[in-house]
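Asker: So that we are looking at the same thing, I have put the structure below in structure tokens.
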Amino acid sequence: MNLYALNLFQAKEKTAFGFGAKYFDAGSVGIYGDNREFIRNFHSKEFSINGFYSLKLRRNNSISAGLKYIYSNLSARSTTQNITTKPVNAIAGDLYFYHDGRNTKKQWVNYGASLTNISSKVSYGDYKKRTFQPTLLKIGAAQNFILGKKQNILMFTVDANKLLVPTPSVRNANNEVIKGRNEENITGIGTIFQSWGTPPDGLRETMREFTFSFGTEFQYRELLYARAGYYTQNKRKGDLHYFTLGLGGKFKDFGLDLAYLIPNKLNEVLSNTFRVSLNYYNTK
């Protein structure tokens with residue numbers, strides 16, 4: 001499994017704009033028929049192309065908006081139980097807010113929020129059961145400290161994430177909803193507001209659907225970076241937990257970042273995950 005991304009942007013004093021592309025190779029997927037007979041292997045893949053525009057407001061606040069095209073092909077054109085799957089083509093929007101609290105003091109706080117993948121439902125073939133795109137709410141903050149006279153920076157971060165999609169309802173043998181809300185009656189845009197009240201177990205289950213990330217970074221003279229982080233989910237909502245370790249460096253107009261993911265459990269799907277980023281800064 002591989003994820004590739006390319007991002008280009010230009011920033012001015014008050015505005016910025018950019019373009020990006022992502023390609024996700026999910027590896028080989030087995031296609032099976034109605035009687036569980038093997039049909040063939042398929043190489044599952046997805047990609048997106050996006051653009052954004054950012055505007056800086058007063059008091060170091062900025063807002064951004066983005067629009068992207070998404071293509072998702074998870075199972076090729078195969079037929080199971082009289083349903084023929086097909087790739088998905090979709091359009092989605094993103095909204096961002098960011099506050100840069102840096103000033104002449106020895107410490108400051110940055111914070112921000114984003115709402116991504118705002119769009120209608122999509123279908124991989126069964127038009128009666130359209131599914132939600134993964135609309136995601138993220139809220140985060142970073143505490144920064146300047147160490148010594150060399151302008152070295154120590155940063156601590158925390159962010160909370162929640163998928164704004166309905167929690168599946170509990171149904172009886174007749175497919176009637178007996179607990180929770182009927183997610184089929186919620187629209188792709190409406191889920192941003194209505195998904196908060198869909199968990200069958202109420203507010204307690206809503207809180208379990210938040211995931212949290214914690215991180216720290218030490219920056220040495222804007223040349224070297226050392227990073228560590230931790231990600232956690234509730235045991236009833238995925239139970240995924242892992243540590244990350246990273247190193248980064250910047251030389252003139254080039255930067256290189258490396259990260260390695262360490263799951264808490266052996267044989268996790270994310271075991272042996274490496275992330276590599278190459279950056280080029282045109283400051284002329």
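Ordering of the structure tokens sets the chain letters (A, B, ...); residue numbers start at 1 within each chain; ligands are numbered from 1 in the order shown.
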What parts of region 45-246 of chain A does DSSP call strand (DSSP E or B)? I'd like the answer as a ChimeraX atom specification.

Answerer: /A:45-56,61-73,79-80,83-84,88-99,107-118,122,131,136-147,152-163,170-171,177-179,211-220,224-232,241-246

Asker: Near Asp239 (chain A), counting only C-alpha atoms, which residues have an atom at most 12 Å away, once you skip same-chain residues fewer than 2 positions from it, shown as number ranges by chain?

Answerer: A: 208-212, 231-237, 241-242, 263-265, 268

Asker: Extract, using only C-alpha atoms, all DNA, RNA and protein residues at most 8 Å from Lys86 (chain A), discarding same-chain residues fewer than 6 positions from it, and format them as a CSV table (one decimal) with C-alpha atoms, in the first residue's frame.

Answerer:
```csv
chain,number,residue,atom,x,y,z
A,73,ASN,CA,-12.1,2.5,-7.8
A,75,SER,CA,-13.4,-3.2,-6.8
A,76,ALA,CA,-13.4,-2.7,-10.6
A,77,ARG,CA,-16.6,-3.5,-12.5
A,78,SER,CA,-17.7,-6.8,-10.9
A,124,TYR,CA,-20.2,2.3,-5.9
A,125,GLY,CA,-23.1,0.7,-7.9
```

Asker: Go through A:Met1, A:Leu57, A:Val109, A:Ala92 one by one, measure the shortest atom-to-atom distance of each to Leu154 (chain A) using only C-alpha atoms, and give the residue with the smallest value.

Answerer: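 Of A:Met1, A:Leu57, A:Val109, A:Ala92, the one nearest Leu154 (chain A) is A:Val109, counting only C-alpha atoms.
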
Asker: Can you list, as a list in words, every protein, DNA or RNA residue that comes within 9 Å of Ile262 (chain A) when you count only C-alpha atoms, leaving out same-chain residues fewer than 4 positions away?

Answerer: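 These residues fall inside the cut-off: His241, Tyr242, Phe243, Thr244, Leu245, Leu270, Ser271, Asn272 and Thr273 of chain A.
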
Asker: Here is a test: counting only C-alpha atoms, which residue of A:Ile153, A:Ala228, A:Val122, A:Ile91 is nearest to Ile49 (chain A)?

Answerer: A:Ile91

Asker: Would you list the contacts of Ser119 (chain A) as a PDB file with C-alpha atoms, in the first residue's frame, taking every protein, DNA or RNA residue within 9 Å and counting only C-alpha atoms, but skipping same-chain residues closer than 2 positions in sequence?

Answerer:
```
ATOM      1  CA  ALA A  90     -17.141  13.114  -6.891  1.00  0.00           C
ATOM      2  CA  ILE A  91     -16.562  16.767  -6.030  1.00  0.00           C
ATOM      3  CA  ALA A  92     -15.921  17.876  -2.430  1.00  0.00           C
ATOM      4  CA  GLY A  93     -15.085  21.106  -0.603  1.00  0.00           C
ATOM      5  CA  ASN A 117     -14.742  16.421   2.339  1.00  0.00           C
ATOM      6  CA  LYS A 121     -23.408  10.945  -0.983  1.00  0.00           C
ATOM      7  CA  VAL A 122     -21.770   8.635  -3.493  1.00  0.00           C
ATOM      8  CA  PHE A 132     -21.351   9.218   2.864  1.00  0.00           C
ATOM      9  CA  GLN A 133     -18.037  10.748   1.980  1.00  0.00           C
ATOM     10  CA  THR A 135     -16.530  14.507   6.146  1.00  0.00           C
ATOM     11  CA  GLY A 188     -24.516  14.358   2.550  1.00  0.00           C
ATOM     12  CA  ILE A 189     -24.490  18.005   3.642  1.00  0.00           C
TER      13      ILE A 189
END
```

Asker: Could you give me, as JSON lines, a per-residue list for region 29-132 of chain A showing, wherever an atom lies at most 8 Å from an atom of region 5-24 of chain A, the closest pair of atoms and their distance in Å to one decimal, using only C-alpha atoms and sorting by chain then residue number from low to high?

Answerer:
```
{"residue": "A:Lys45", "atom": "CA", "partner": "A:Phe24", "partner_atom": "CA", "distance": 5.6}
{"residue": "A:Glu46", "atom": "CA", "partner": "A:Phe24", "partner_atom": "CA", "distance": 5.1}
{"residue": "A:Phe47", "atom": "CA", "partner": "A:Tyr23", "partner_atom": "CA", "distance": 4.2}
{"residue": "A:Ser48", "atom": "CA", "partner": "A:Lys22", "partner_atom": "CA", "distance": 5.3}
{"residue": "A:Ile49", "atom": "CA", "partner": "A:Ala21", "partner_atom": "CA", "distance": 4.5}
{"residue": "A:Asn50", "atom": "CA", "partner": "A:Gly20", "partner_atom": "CA", "distance": 5.2}
{"residue": "A:Gly51", "atom": "CA", "partner": "A:Phe19", "partner_atom": "CA", "distance": 4.3}
{"residue": "A:Phe52", "atom": "CA", "partner": "A:Gly18", "partner_atom": "CA", "distance": 5.5}
{"residue": "A:Tyr53", "atom": "CA", "partner": "A:Phe17", "partner_atom": "CA", "distance": 4.4}
{"residue": "A:Ser54", "atom": "CA", "partner": "A:Ala16", "partner_atom": "CA", "distance": 5.0}
{"residue": "A:Leu55", "atom": "CA", "partner": "A:Thr15", "partner_atom": "CA", "distance": 4.7}
{"residue": "A:Lys56", "atom": "CA", "partner": "A:Lys14", "partner_atom": "CA", "distance": 4.9}
{"residue": "A:Leu57", "atom": "CA", "partner": "A:Lys14", "partner_atom": "CA", "distance": 7.6}
```

Asker: Considering only C-alpha atoms, state which residue in the set A:Ala141, A:Ala65, A:Glu184, A:Gly197 is at the smallest distance from Leu164 (chain A).

Answerer: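 For Leu164 (chain A), the nearest of the candidates is A:Gly197.
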